[in-house]
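These notes concern the structure reproduced below.
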Amino acid sequence: MDLSDFAADVGDSGPVTITGLGTRGGPVADVRCVRAPAGIDWIQADEMIVSCGAGTPVAELDAALAGVGQSVALPLSGTVGGALAIGRSSHRRLGDGPVRDVLLQTHYVSAAGEIVKAGGPTVKNVSGFDLCRLLVGSRGALGFFGDVILRTRPLPAVSQWFHREGDPWEVFAALYRPVSVLWDGQATWVLIEGHSIDVAEQAARGGLRPVDGPPSLPTGGRRSMAPSALRTLSGTSGFVAEVGVGVVHTIEPSGPEPLQPAVAALHRRLLHQFDPGGRLNPGIDVGFGSV
Amino acid sequence: MTALAEPTLVDDLVHALGPDRVRVGAAELSLYRRDASNFDGHASVVCFPTSTTEIQAAVQACVRHDTPYVARGSGTGLAGGATPLAGAVVISLAKMNRILAVDAAARQAWVEPGVLNLDLSKAVAHLGLHFAPDPSSQQSCTIGGNVANNSGGPHCLADGVTSAHIVAMEVVLPEGDIVTFGGEDPEPAGFDLRGAFVGSEGMFGIATKICVRLIQNPPAVRTMLLDYMSVEDGAATVSAIIAEGMVPGALEMMDALCTRAVEEYIHAGLPMDAAAILLVEVAGLPNALEHEVERIVAIGRAHGARNVRVAQDEAERALLWKGRKTAFGAIARIKPNYYLHDTVVPRRKLPEVLNKVYEIAARHDLLVMNVFHAGDGNLHPLLVFDKREPGVMARVHAAGEEIVRASVAAGGVLSGEHGIGLEKRDYMPLMYDPPDLAAQASMRAAFDPTGLANPTKVLPSPASCGDVQHLPEGVWI
């Protein structure tokens with residue numbers, strides 16, 4: 001994908017921010033705003049990879065991939081670039097893995113206005129340092145995604161939500177690789193995918209009955225807990241927890257966790273290396289307050 | 001009055017670790033002059049810390065004396081990543097080999113970096129769990145080494161390489177701070193420093209404790225062997241299986257020469273006249289497996305498979321895998337030396353690149369065998385030779401360079417699982433332009449402002465960009 005126009009938009013001086021569909025907080029206010037190119041370059045079903053502009057809506061990508069029996073493990077809202085820049089997975093993370101494992105290669109535009117390649121086009125690649133992992137979740141503070149190559153996965157034959165009253169621990173231990181296990185302190189929802197007979201057998205094993213879908217996830221806050229610590233939520237309410245993962249969707253807002261001083265210092269060194277003038281998404285919080 | 005002599009680096013290390021765990025004898029040092037690659041260096045000291053604070057003390061001593069250091073596990077790396085250069089201090093993690101905690105319910109375990117890969121899976125087998133990365137050196141390689149190289153293995157096709165299985169690490173940073181990257185929780189604040197660290201080949205610090213993800217053993221496994229009269233048919237089968245929406249647990253290929261060598265070695269009943277054999281393993285729930293086995297057999301036959309052998313029991317499965325896993329032993333019977341390459345190409349380019357590999361080897365008058373992870377396009381051409389033959393090493397290296405170039409030209413990458421180290425450092429410009437390399441150098445500068453953590457690996461020096469095989473002074477192959 002030709003990114004020269006996008007690189008020229010970003011330029012090499014002055015504060016600049018980026019937006020997609022505005023579903024994850026939108027651009028930094030009162031700063032010149034750019035958009036990454038949109039559109040699917042190609043889908044290679046036999047390689048299980050897809051290439052698209054970072055401005056492509058995830059829903060558009062998902063629909064196109066469905067046509068070849070595949071999907072990509074990104075949350076369905078907003079753009080591909082936004083999903084990667086925030087790096088938060090959907091409630092399917094238990095089965096699909098984290099967002100950071102989706103990105104194979106990107107061309108991003110750096111603070112110097114240069115087009116930079118990170119990663120490589122193959123699923124397996126250890127050629128140099130893993131810059132892709134560093135970029136995912138970095139909120140545009142190190143560079144703006146231009147185009148990406150993403151890993152896809154086959155769609156399952158059957159995908160069914162199930163439900164049972166009570167705690168999830170036994171169900172979680174008994175089932176083989178469920179795609180999602182959600183718990184609100186009272187009841188458990190499980191998403192099982194695969195061959196229809198296997199799905200039915202797994203459901204029977206867990207004492208589960210089919211339901212239409214998952215519970216609605218509270219959007220007030222999002223906590224990150226060790227999976228083993230979720231048991232401490234027993235007896236409380238106002239949350240939906242992703243069992244086996246540790247993401248907890250809460251009604252109440254959640255505050256940021258502080259970084260260790262040496263880790264914060266490393267963040268500052270990375271920001272200084274990648275954007276010495278602090279021009280990309282100025283003021284955005286990358287984990288230890290505004291930069 | 002005479003001034004007290006300033007303590008030397010060795011004095012400082014002895015002070016921190018005790019005399020028994022700091023070695024400077026020539027014979028001992030020579031054991032640490034390289035990893036499993038062909039790159040020799042020279043260590044000035046080898047030390048054996050047993051705790052995070054001892055590693056920290058060793059790193060701080062190196063910084064105080066402005067001396068580079070290299071962390072080392074079992075030394076099974078194939079790219080020279082653990083070869084000490086310029087009299088570097090080797091910090092061996094071999095004595096830090098304890099499994100610290102296993103949380104069966106959360107499927108996580110904290111281990112020290114010197115724990116051997118297979119030992120971890122054995123230790124959690126009774127819980128129905130395992131550690132997914134399974135490099136062929138898994139009996140001897142360490143988890144710390146797996147982290148440094150982002151190692152793979154046959155079963156990474158379905159389950160992902162090491163990065164996907166590391167949730168957190170305690171790290172001694174090059175300036176001596178002890179930090180935690182990642183966390184047992186899924187979304188730790190800040191950048192994914194865990195992800196950036198995995199695969200950094202010892203250049204971003206030393207992992208001193210590692211929290212790994214353990215995954216459930218599959219309830220059922222089916223293993224198949226398909227054989228072909230042409231490499232193209234085998235490769236086409238691989239692409240078709242993936243295109244049809246199946247991701248087998250493993251999808252391995254051996255070519256004719258390799259198959260014959262293995263069969264003569266272990267007598268597993270492999271077809272001696274096949275041009276290629278495919279080992280396909282599917283794992284998961286039983287009904288899905290039966291369906292997948294049927295479909296794979298049909299795809300194989302449609303693409304010219306002569307015979308399809310489905311392992312009938314665990315013994316037969318083990319025998320089929322033994323063929324794959326003993327390939328290197330078998331090859332040693334043909335020629336005493338081999339050079340193992342590691343590149344990745346798009347699956348659809350496998351036949352084209354394999355033919356190129358044969359052509360390159362023939363032109364350099366070398367034997368080449370291929371045994372590789374076909375499912376993810378990860379080629380492992382093995383050049384076999386006798387290094388006593390005059391001039392053979394020059395041919396081996398020339399052929400190797402052409403193989404790497406052909407792989408990248410086909411849309412592939414320099415390395416799938418062995419890493420860059422010294423071996424491919426100067427090939428990096430084949431894949432990355434100067435701004436791309438500058439960004440990687442920025443990562444290194446931020447993680448290691450001292451520049452002493454395993455220097456001169458991975459990143460080509462600016463002067464050598466575009467130039468190939470200019471190794472640092474003091475290194476020989």
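The way I read the labels, and the way they are meant: chains A, B, ... in the order of the structure tokens, residue 1 as the first residue of every chain, and ligand 1 as the first ligand shown, with later ones counted on from there.
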Give one line per residue of segment 162-183 of chain A that approaches segment 241-257 of chain A to at most 12 Å, naming the two atoms of the closest pair and their distance in Å to one decimal, counting only C-alpha atoms; sort by chain then ascending residue number and deliver it as a tab-separated table.
residue	atom	partner	partner_atom	distance
A:Asp167	CA	A:Val243	CA	10.2
A:Pro168	CA	A:Val243	CA	7.5
A:Trp169	CA	A:Val243	CA	8.2
A:Glu170	CA	A:Val243	CA	11.2
A:Val171	CA	A:Val243	CA	10.2
A:Phe172	CA	A:Val243	CA	7.6
A:Ala173	CA	A:Gly244	CA	9.6
A:Leu175	CA	A:Gly244	CA	11.7
A:Arg177	CA	A:Gly244	CA	10.2
A:Pro178	CA	A:Gly244	CA	9.9
A:Val179	CA	A:Gly244	CA	10.2
A:Ser180	CA	A:Glu242	CA	7.1
A:Val181	CA	A:Val243	CA	5.3
A:Leu182	CA	A:Glu242	CA	4.9
A:Trp183	CA	A:Ala241	CA	5.2
Those residues with all heavy atoms, as a compact mmCIF listing (two decimals), in the first residue's frame please?
# COMPACT_ATOMS: atom_id res chain seq x y z
N ASP A 167 -20.60 -20.68 40.20
CA ASP A 167 -19.22 -20.29 39.92
C ASP A 167 -18.63 -21.06 38.74
O ASP A 167 -19.08 -22.15 38.42
CB ASP A 167 -18.35 -20.54 41.17
CG ASP A 167 -18.70 -19.56 42.28
OD1 ASP A 167 -19.39 -18.57 41.99
OD2 ASP A 167 -18.31 -19.81 43.44
N PRO A 168 -17.62 -20.50 38.12
CA PRO A 168 -17.09 -21.07 36.88
C PRO A 168 -15.93 -22.05 37.06
O PRO A 168 -15.50 -22.65 36.08
CB PRO A 168 -16.57 -19.83 36.15
CG PRO A 168 -16.08 -18.94 37.26
CD PRO A 168 -17.02 -19.18 38.43
N TRP A 169 -15.42 -22.21 38.27
CA TRP A 169 -14.11 -22.86 38.40
C TRP A 169 -14.10 -24.30 37.91
O TRP A 169 -13.18 -24.70 37.19
CB TRP A 169 -13.61 -22.79 39.85
CG TRP A 169 -13.95 -21.47 40.50
CD1 TRP A 169 -14.73 -21.25 41.59
CD2 TRP A 169 -13.53 -20.16 40.05
NE1 TRP A 169 -14.84 -19.91 41.85
CE2 TRP A 169 -14.11 -19.22 40.93
CE3 TRP A 169 -12.74 -19.71 39.00
CZ2 TRP A 169 -13.92 -17.84 40.79
CZ3 TRP A 169 -12.55 -18.35 38.85
CH2 TRP A 169 -13.13 -17.43 39.74
N GLU A 170 -15.14 -25.06 38.28
CA GLU A 170 -15.18 -26.47 37.85
C GLU A 170 -15.36 -26.58 36.35
O GLU A 170 -14.74 -27.41 35.69
CB GLU A 170 -16.32 -27.21 38.55
CG GLU A 170 -15.97 -27.61 39.97
CD GLU A 170 -17.16 -28.25 40.67
OE1 GLU A 170 -17.96 -28.91 39.98
OE2 GLU A 170 -17.28 -28.06 41.89
N VAL A 171 -16.21 -25.73 35.82
CA VAL A 171 -16.45 -25.76 34.37
C VAL A 171 -15.16 -25.43 33.63
O VAL A 171 -14.77 -26.11 32.68
CB VAL A 171 -17.55 -24.74 33.99
CG1 VAL A 171 -17.68 -24.64 32.47
CG2 VAL A 171 -18.86 -25.12 34.61
N PHE A 172 -14.48 -24.41 34.11
CA PHE A 172 -13.23 -24.00 33.46
C PHE A 172 -12.21 -25.14 33.47
O PHE A 172 -11.52 -25.38 32.49
CB PHE A 172 -12.66 -22.75 34.15
CG PHE A 172 -11.36 -22.30 33.56
CD1 PHE A 172 -11.32 -21.73 32.29
CD2 PHE A 172 -10.17 -22.44 34.26
CE1 PHE A 172 -10.12 -21.32 31.74
CE2 PHE A 172 -8.97 -22.03 33.71
CZ PHE A 172 -8.95 -21.47 32.45
N ALA A 173 -12.14 -25.84 34.59
CA ALA A 173 -11.17 -26.93 34.70
C ALA A 173 -11.56 -28.12 33.83
O ALA A 173 -10.71 -28.85 33.34
CB ALA A 173 -11.03 -27.36 36.16
N LEU A 175 -13.46 -28.21 30.91
CA LEU A 175 -13.63 -28.09 29.46
C LEU A 175 -12.28 -27.99 28.75
O LEU A 175 -11.30 -27.49 29.31
CB LEU A 175 -14.47 -26.85 29.13
CG LEU A 175 -15.89 -26.85 29.69
CD1 LEU A 175 -16.65 -25.63 29.16
CD2 LEU A 175 -16.62 -28.13 29.33
N ARG A 177 -10.26 -26.16 26.16
CA ARG A 177 -10.07 -24.93 25.41
C ARG A 177 -11.38 -24.24 24.96
O ARG A 177 -11.61 -24.04 23.76
CB ARG A 177 -9.18 -25.17 24.20
CG ARG A 177 -7.80 -25.70 24.60
CD ARG A 177 -6.81 -25.56 23.47
NE ARG A 177 -5.55 -26.24 23.77
CZ ARG A 177 -4.48 -26.21 23.00
NH1 ARG A 177 -4.49 -25.56 21.87
NH2 ARG A 177 -3.38 -26.84 23.33
N PRO A 178 -12.22 -23.86 25.93
CA PRO A 178 -13.38 -23.04 25.54
C PRO A 178 -12.88 -21.69 25.03
O PRO A 178 -11.76 -21.27 25.35
CB PRO A 178 -14.16 -22.89 26.85
CG PRO A 178 -13.14 -23.09 27.93
CD PRO A 178 -12.12 -24.06 27.38
N VAL A 179 -13.70 -21.01 24.25
CA VAL A 179 -13.27 -19.74 23.64
C VAL A 179 -13.48 -18.57 24.61
O VAL A 179 -12.73 -17.59 24.57
CB VAL A 179 -14.04 -19.52 22.32
CG1 VAL A 179 -13.68 -18.18 21.70
CG2 VAL A 179 -13.73 -20.65 21.36
N SER A 180 -14.48 -18.70 25.47
CA SER A 180 -14.71 -17.64 26.45
C SER A 180 -15.46 -18.24 27.64
O SER A 180 -16.35 -19.06 27.45
CB SER A 180 -15.53 -16.51 25.82
OG SER A 180 -15.64 -15.41 26.70
N VAL A 181 -15.06 -17.84 28.84
CA VAL A 181 -15.79 -18.21 30.05
C VAL A 181 -16.01 -16.92 30.84
O VAL A 181 -15.04 -16.28 31.27
CB VAL A 181 -15.01 -19.24 30.91
CG1 VAL A 181 -15.79 -19.57 32.19
CG2 VAL A 181 -14.72 -20.51 30.12
N LEU A 182 -17.26 -16.52 30.97
CA LEU A 182 -17.59 -15.26 31.64
C LEU A 182 -18.34 -15.56 32.93
O LEU A 182 -19.13 -16.52 33.01
CB LEU A 182 -18.44 -14.37 30.72
CG LEU A 182 -17.83 -14.02 29.36
CD1 LEU A 182 -18.82 -13.22 28.52
CD2 LEU A 182 -16.53 -13.24 29.53
N TRP A 183 -18.16 -14.73 33.93
CA TRP A 183 -18.75 -14.96 35.25
C TRP A 183 -19.08 -13.61 35.87
O TRP A 183 -18.24 -12.69 35.85
CB TRP A 183 -17.72 -15.71 36.10
CG TRP A 183 -18.07 -15.89 37.54
CD1 TRP A 183 -19.16 -16.51 38.06
CD2 TRP A 183 -17.29 -15.48 38.67
NE1 TRP A 183 -19.12 -16.51 39.43
CE2 TRP A 183 -17.97 -15.88 39.83
CE3 TRP A 183 -16.07 -14.80 38.80
CZ2 TRP A 183 -17.48 -15.63 41.12
CZ3 TRP A 183 -15.57 -14.55 40.08
CH2 TRP A 183 -16.28 -14.97 41.21
- Task: Taking only C-alpha atoms into account, report as a list in words which residues of chain A lie within 6 Å of chain B.
- Result: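 My answer is Ala45, Asp46, Val116, Lys117, Lys124, Asn125, Val126, Ser127, Phe129, Asp130, Arg133, Leu134, Ser138, Pro154, His195, Asp198, Ser224, Met225, Ala226, Pro227, Ser228, Gly246, Arg269, Leu270, Gln273, Val286 and Gly287 of chain A.
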- Item | Test item: residues at most 12 Å from Glu389 of chain B, only C-alpha atoms, excluding those fewer than 2 positions along its chain, as a ChimeraX atom specification | /B:335-337,365-366,384-387,391-396
- Identify which of the residues A:Arg24, A:Trp42, A:Pro98, A:Val158 lies closest to Met1 of chain A, counting only C-alpha atoms when measuring atom-to-atom distances.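 Distance minimum relative to Met1 of chain A lands on A:Trp42.
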Do a neighbour search on segment 249-251 of chain B at 6 Å with only C-alpha atoms, toss out local chain neighbours closer than 4 positions, and write the hits as a PDB file with N, CA, C and O atoms, in the first residue's frame.
ATOM      1  N   PRO B 154       7.961 -27.811  16.224  1.00  0.00           N
ATOM      2  CA  PRO B 154       6.901 -28.339  15.356  1.00  0.00           C
ATOM      3  C   PRO B 154       5.496 -27.958  15.803  1.00  0.00           C
ATOM      4  O   PRO B 154       4.624 -27.670  14.987  1.00  0.00           O
ATOM      5  N   HIS B 155       5.252 -27.955  17.114  1.00  0.00           N
ATOM      6  CA  HIS B 155       3.877 -27.737  17.577  1.00  0.00           C
ATOM      7  C   HIS B 155       3.507 -26.264  17.722  1.00  0.00           C
ATOM      8  O   HIS B 155       2.444 -25.943  18.248  1.00  0.00           O
ATOM      9  N   LEU B 157       2.893 -24.442  15.241  1.00  0.00           N
ATOM     10  CA  LEU B 157       1.978 -24.123  14.136  1.00  0.00           C
ATOM     11  C   LEU B 157       0.600 -23.765  14.689  1.00  0.00           C
ATOM     12  O   LEU B 157       0.017 -22.754  14.336  1.00  0.00           O
ATOM     13  N   ALA B 158       0.096 -24.584  15.577  1.00  0.00           N
ATOM     14  CA  ALA B 158      -1.236 -24.327  16.131  1.00  0.00           C
ATOM     15  C   ALA B 158      -1.187 -23.440  17.366  1.00  0.00           C
ATOM     16  O   ALA B 158      -2.099 -22.649  17.593  1.00  0.00           O
ATOM     17  N   LEU B 279       4.464 -35.358   7.609  1.00  0.00           N
ATOM     18  CA  LEU B 279       3.989 -35.846   8.892  1.00  0.00           C
ATOM     19  C   LEU B 279       2.946 -34.834   9.370  1.00  0.00           C
ATOM     20  O   LEU B 279       3.256 -33.657   9.544  1.00  0.00           O
ATOM     21  N   VAL B 280       1.726 -35.287   9.522  1.00  0.00           N
ATOM     22  CA  VAL B 280       0.644 -34.381   9.916  1.00  0.00           C
ATOM     23  C   VAL B 280       0.069 -34.869  11.227  1.00  0.00           C
ATOM     24  O   VAL B 280      -0.263 -36.055  11.361  1.00  0.00           O
ATOM     25  N   GLU B 281      -0.043 -33.968  12.178  1.00  0.00           N
ATOM     26  CA  GLU B 281      -0.641 -34.351  13.447  1.00  0.00           C
ATOM     27  C   GLU B 281      -1.768 -33.393  13.765  1.00  0.00           C
ATOM     28  O   GLU B 281      -1.596 -32.180  13.724  1.00  0.00           O
ATOM     29  N   VAL B 282      -2.926 -33.943  14.072  1.00  0.00           N
ATOM     30  CA  VAL B 282      -4.039 -33.107  14.506  1.00  0.00           C
ATOM     31  C   VAL B 282      -4.332 -33.460  15.959  1.00  0.00           C
ATOM     32  O   VAL B 282      -4.169 -34.600  16.393  1.00  0.00           O
ATOM     33  N   ALA B 283      -4.721 -32.443  16.702  1.00  0.00           N
ATOM     34  CA  ALA B 283      -4.927 -32.637  18.129  1.00  0.00           C
ATOM     35  C   ALA B 283      -6.157 -31.860  18.559  1.00  0.00           C
ATOM     36  O   ALA B 283      -6.434 -30.787  18.035  1.00  0.00           O
ATOM     37  N   ALA B 374       6.761 -27.457   7.528  1.00  0.00           N
ATOM     38  CA  ALA B 374       6.110 -27.020   6.298  1.00  0.00           C
ATOM     39  C   ALA B 374       4.879 -26.166   6.582  1.00  0.00           C
ATOM     40  O   ALA B 374       4.563 -25.247   5.833  1.00  0.00           O
ATOM     41  N   GLY B 375       4.199 -26.476   7.671  1.00  0.00           N
ATOM     42  CA  GLY B 375       2.946 -25.778   7.979  1.00  0.00           C
ATOM     43  C   GLY B 375       3.121 -24.284   8.117  1.00  0.00           C
ATOM     44  O   GLY B 375       2.230 -23.513   7.775  1.00  0.00           O
TER      45      GLY B 375
END
Residue neighbourhood Glu263 of chain B, 12 Å, only C-alpha atoms, exclusion window fewer than 2 positions, as a short mmCIF file (atom, residue, chain, number, x, y, z; two decimals) with all heavy atoms, in the first residue's frame:
data_model
loop_
_atom_site.label_atom_id
_atom_site.label_comp_id
_atom_site.auth_asym_id
_atom_site.auth_seq_id
_atom_site.Cartn_x
_atom_site.Cartn_y
_atom_site.Cartn_z
N MET B 254 9.77 -33.95 5.11
CA MET B 254 11.16 -34.36 4.87
C MET B 254 11.30 -34.67 3.39
O MET B 254 10.39 -35.25 2.79
CB MET B 254 11.52 -35.61 5.68
CG MET B 254 11.68 -35.36 7.16
SD MET B 254 12.62 -36.66 7.99
CE MET B 254 11.46 -38.00 7.97
N ALA B 256 13.52 -36.33 -0.05
CA ALA B 256 13.93 -37.70 -0.38
C ALA B 256 15.21 -38.12 0.34
O ALA B 256 15.27 -39.17 0.97
CB ALA B 256 14.11 -37.82 -1.90
N LEU B 257 16.21 -37.29 0.24
CA LEU B 257 17.50 -37.66 0.81
C LEU B 257 17.40 -37.82 2.32
O LEU B 257 17.96 -38.75 2.92
CB LEU B 257 18.52 -36.55 0.46
CG LEU B 257 19.99 -36.90 0.51
CD1 LEU B 257 20.28 -38.16 -0.28
CD2 LEU B 257 20.82 -35.73 -0.03
N CYS B 258 16.66 -36.93 2.94
CA CYS B 258 16.51 -36.97 4.38
C CYS B 258 15.70 -38.22 4.79
O CYS B 258 16.05 -38.91 5.75
CB CYS B 258 15.81 -35.70 4.84
SG CYS B 258 15.87 -35.49 6.61
N THR B 259 14.65 -38.49 4.05
CA THR B 259 13.81 -39.65 4.36
C THR B 259 14.62 -40.95 4.29
O THR B 259 14.54 -41.81 5.16
CB THR B 259 12.62 -39.74 3.37
OG1 THR B 259 11.89 -38.51 3.45
CG2 THR B 259 11.71 -40.90 3.70
N ARG B 260 15.43 -41.05 3.25
CA ARG B 260 16.25 -42.27 3.10
C ARG B 260 17.24 -42.40 4.25
O ARG B 260 17.43 -43.47 4.82
CB ARG B 260 16.99 -42.25 1.76
CG ARG B 260 16.11 -42.67 0.59
CD ARG B 260 16.92 -43.18 -0.59
NE ARG B 260 17.79 -42.15 -1.15
CZ ARG B 260 17.40 -41.26 -2.06
NH1 ARG B 260 16.15 -41.28 -2.50
NH2 ARG B 260 18.24 -40.38 -2.54
N ALA B 261 17.86 -41.27 4.59
CA ALA B 261 18.85 -41.31 5.69
C ALA B 261 18.19 -41.73 6.99
O ALA B 261 18.73 -42.55 7.74
CB ALA B 261 19.50 -39.93 5.84
N TYR B 265 18.47 -45.32 9.25
CA TYR B 265 18.93 -45.14 10.63
C TYR B 265 17.99 -45.81 11.62
O TYR B 265 18.42 -46.52 12.53
CB TYR B 265 19.02 -43.64 10.88
CG TYR B 265 19.63 -43.21 12.20
CD1 TYR B 265 20.82 -43.76 12.67
CD2 TYR B 265 19.04 -42.20 12.94
CE1 TYR B 265 21.39 -43.33 13.85
CE2 TYR B 265 19.60 -41.76 14.13
CZ TYR B 265 20.77 -42.33 14.59
OH TYR B 265 21.32 -41.91 15.74
N ILE B 266 16.68 -45.60 11.46
CA ILE B 266 15.75 -46.09 12.50
C ILE B 266 14.77 -47.17 12.04
O ILE B 266 14.06 -47.73 12.85
CB ILE B 266 14.95 -44.94 13.15
CG1 ILE B 266 14.04 -44.27 12.12
CG2 ILE B 266 15.85 -43.94 13.85
CD1 ILE B 266 12.89 -43.53 12.76
N HIS B 267 14.68 -47.44 10.74
CA HIS B 267 13.81 -48.51 10.22
C HIS B 267 12.38 -48.37 10.73
O HIS B 267 11.84 -49.25 11.40
CB HIS B 267 14.39 -49.88 10.58
CG HIS B 267 15.83 -50.02 10.21
ND1 HIS B 267 16.25 -50.02 8.90
CD2 HIS B 267 16.95 -50.10 10.97
CE1 HIS B 267 17.57 -50.12 8.86
NE2 HIS B 267 18.02 -50.16 10.11
N ALA B 268 11.78 -47.24 10.41
CA ALA B 268 10.40 -46.98 10.84
C ALA B 268 9.40 -47.36 9.75
O ALA B 268 8.21 -47.16 9.92
CB ALA B 268 10.24 -45.51 11.19
N GLY B 269 9.91 -47.90 8.64
CA GLY B 269 9.02 -48.25 7.55
C GLY B 269 8.70 -47.06 6.65
O GLY B 269 7.65 -47.02 6.01
N LEU B 270 9.59 -46.08 6.60
CA LEU B 270 9.36 -44.93 5.72
C LEU B 270 9.65 -45.35 4.28
O LEU B 270 10.54 -46.15 4.04
CB LEU B 270 10.29 -43.77 6.11
CG LEU B 270 10.22 -43.28 7.56
CD1 LEU B 270 11.20 -42.13 7.79
CD2 LEU B 270 8.81 -42.82 7.91
N PRO B 271 8.90 -44.78 3.34
CA PRO B 271 9.10 -45.17 1.93
C PRO B 271 10.43 -44.62 1.40
O PRO B 271 10.63 -43.42 1.34
CB PRO B 271 7.91 -44.54 1.21
CG PRO B 271 7.43 -43.46 2.12
CD PRO B 271 7.81 -43.83 3.51
N MET B 272 11.32 -45.56 1.01
CA MET B 272 12.67 -45.17 0.59
C MET B 272 12.68 -44.45 -0.76
O MET B 272 13.65 -43.79 -1.09
CB MET B 272 13.54 -46.41 0.48
CG MET B 272 13.78 -47.12 1.78
SD MET B 272 14.99 -46.27 2.81
CE MET B 272 16.52 -46.83 2.03
N ASP B 273 11.60 -44.61 -1.53
CA ASP B 273 11.62 -44.03 -2.88
C ASP B 273 10.78 -42.76 -2.98
O ASP B 273 10.55 -42.23 -4.05
CB ASP B 273 11.11 -45.06 -3.89
CG ASP B 273 9.70 -45.51 -3.57
OD1 ASP B 273 9.26 -45.31 -2.40
OD2 ASP B 273 9.04 -46.06 -4.46
N ALA B 274 10.29 -42.24 -1.85
CA ALA B 274 9.43 -41.06 -1.90
C ALA B 274 10.27 -39.80 -2.15
O ALA B 274 11.40 -39.69 -1.68
CB ALA B 274 8.66 -40.91 -0.60
N ILE B 277 7.99 -36.75 2.23
CA ILE B 277 6.96 -37.27 3.12
C ILE B 277 6.46 -36.14 4.03
O ILE B 277 7.20 -35.22 4.37
CB ILE B 277 7.43 -38.47 3.97
CG1 ILE B 277 8.57 -38.06 4.92
CG2 ILE B 277 7.85 -39.63 3.11
CD1 ILE B 277 8.92 -39.14 5.91
N LEU B 319 6.86 -43.79 16.76
CA LEU B 319 7.81 -44.20 15.73
C LEU B 319 7.87 -43.18 14.59
O LEU B 319 8.95 -42.84 14.11
CB LEU B 319 7.41 -45.58 15.20
CG LEU B 319 8.41 -46.26 14.26
CD1 LEU B 319 9.72 -46.55 14.98
CD2 LEU B 319 7.82 -47.55 13.68
N LEU B 320 6.71 -42.71 14.18
CA LEU B 320 6.68 -41.71 13.11
C LEU B 320 7.40 -40.43 13.54
O LEU B 320 8.17 -39.85 12.77
CB LEU B 320 5.23 -41.40 12.70
CG LEU B 320 4.44 -42.56 12.10
CD1 LEU B 320 3.03 -42.12 11.70
CD2 LEU B 320 5.16 -43.15 10.89
N LYS B 322 9.67 -40.28 15.78
CA LYS B 322 11.09 -40.57 15.97
C LYS B 322 11.85 -40.29 14.68
O LYS B 322 12.97 -39.76 14.69
CB LYS B 322 11.27 -42.03 16.39
CG LYS B 322 12.67 -42.36 16.87
CD LYS B 322 12.78 -43.81 17.31
CE LYS B 322 14.24 -44.15 17.61
NZ LYS B 322 14.44 -45.60 17.72
N GLY B 323 11.22 -40.61 13.56
CA GLY B 323 11.84 -40.33 12.27
C GLY B 323 12.15 -38.86 12.13
O GLY B 323 13.24 -38.46 11.72
N ARG B 324 11.17 -38.03 12.49
CA ARG B 324 11.35 -36.59 12.37
C ARG B 324 12.42 -36.08 13.34
O ARG B 324 13.26 -35.26 12.99
CB ARG B 324 10.01 -35.88 12.63
CG ARG B 324 10.08 -34.38 12.81
CD ARG B 324 10.53 -33.69 11.53
NE ARG B 324 10.64 -32.24 11.70
CZ ARG B 324 11.71 -31.61 12.16
NH1 ARG B 324 12.78 -32.31 12.53
NH2 ARG B 324 11.73 -30.29 12.25
N THR B 326 14.87 -37.66 14.84
CA THR B 326 16.24 -38.18 14.78
C THR B 326 16.93 -37.84 13.46
O THR B 326 17.97 -38.38 13.14
CB THR B 326 16.28 -39.72 14.96
OG1 THR B 326 15.41 -40.29 13.99
CG2 THR B 326 15.89 -40.13 16.35
N ALA B 327 16.32 -36.93 12.72
CA ALA B 327 16.88 -36.61 11.41
C ALA B 327 18.35 -36.20 11.52
O ALA B 327 19.18 -36.62 10.72
CB ALA B 327 16.06 -35.50 10.76
N GLY B 329 20.58 -37.00 13.76
CA GLY B 329 21.42 -38.15 14.05
C GLY B 329 21.66 -38.97 12.79
O GLY B 329 22.77 -39.45 12.54
N ALA B 330 20.61 -39.12 11.99
CA ALA B 330 20.72 -39.90 10.77
C ALA B 330 21.70 -39.26 9.80
O ALA B 330 22.49 -39.94 9.14
CB ALA B 330 19.33 -40.01 10.12
N ILE B 331 21.66 -37.95 9.75
CA ILE B 331 22.50 -37.23 8.79
C ILE B 331 23.98 -37.40 9.14
O ILE B 331 24.83 -37.45 8.25
CB ILE B 331 22.05 -35.76 8.76
CG1 ILE B 331 20.77 -35.68 7.92
CG2 ILE B 331 23.12 -34.86 8.20
CD1 ILE B 331 19.90 -34.53 8.23
N ARG B 333 25.46 -39.86 9.84
CA ARG B 333 26.00 -41.08 9.25
C ARG B 333 26.45 -40.86 7.81
O ARG B 333 27.15 -41.70 7.25
CB ARG B 333 24.96 -42.19 9.30
CG ARG B 333 24.70 -42.71 10.71
CD ARG B 333 23.33 -43.35 10.81
NE ARG B 333 23.06 -44.30 9.74
CZ ARG B 333 23.24 -45.60 9.85
NH1 ARG B 333 23.70 -46.10 10.97
NH2 ARG B 333 22.95 -46.40 8.85
#
- Task: Tell me, as JSON, numbers by chain, which residues lie within 6 Å of segment 70-81 of chain A, counting only C-alpha atoms; anything in the same chain fewer than 5 positions away does not count.
- Result: {"A": [20, 21, 23, 54, 55, 56, 57, 58, 59, 62, 65, 90, 96, 145, 152, 153, 154, 155]}
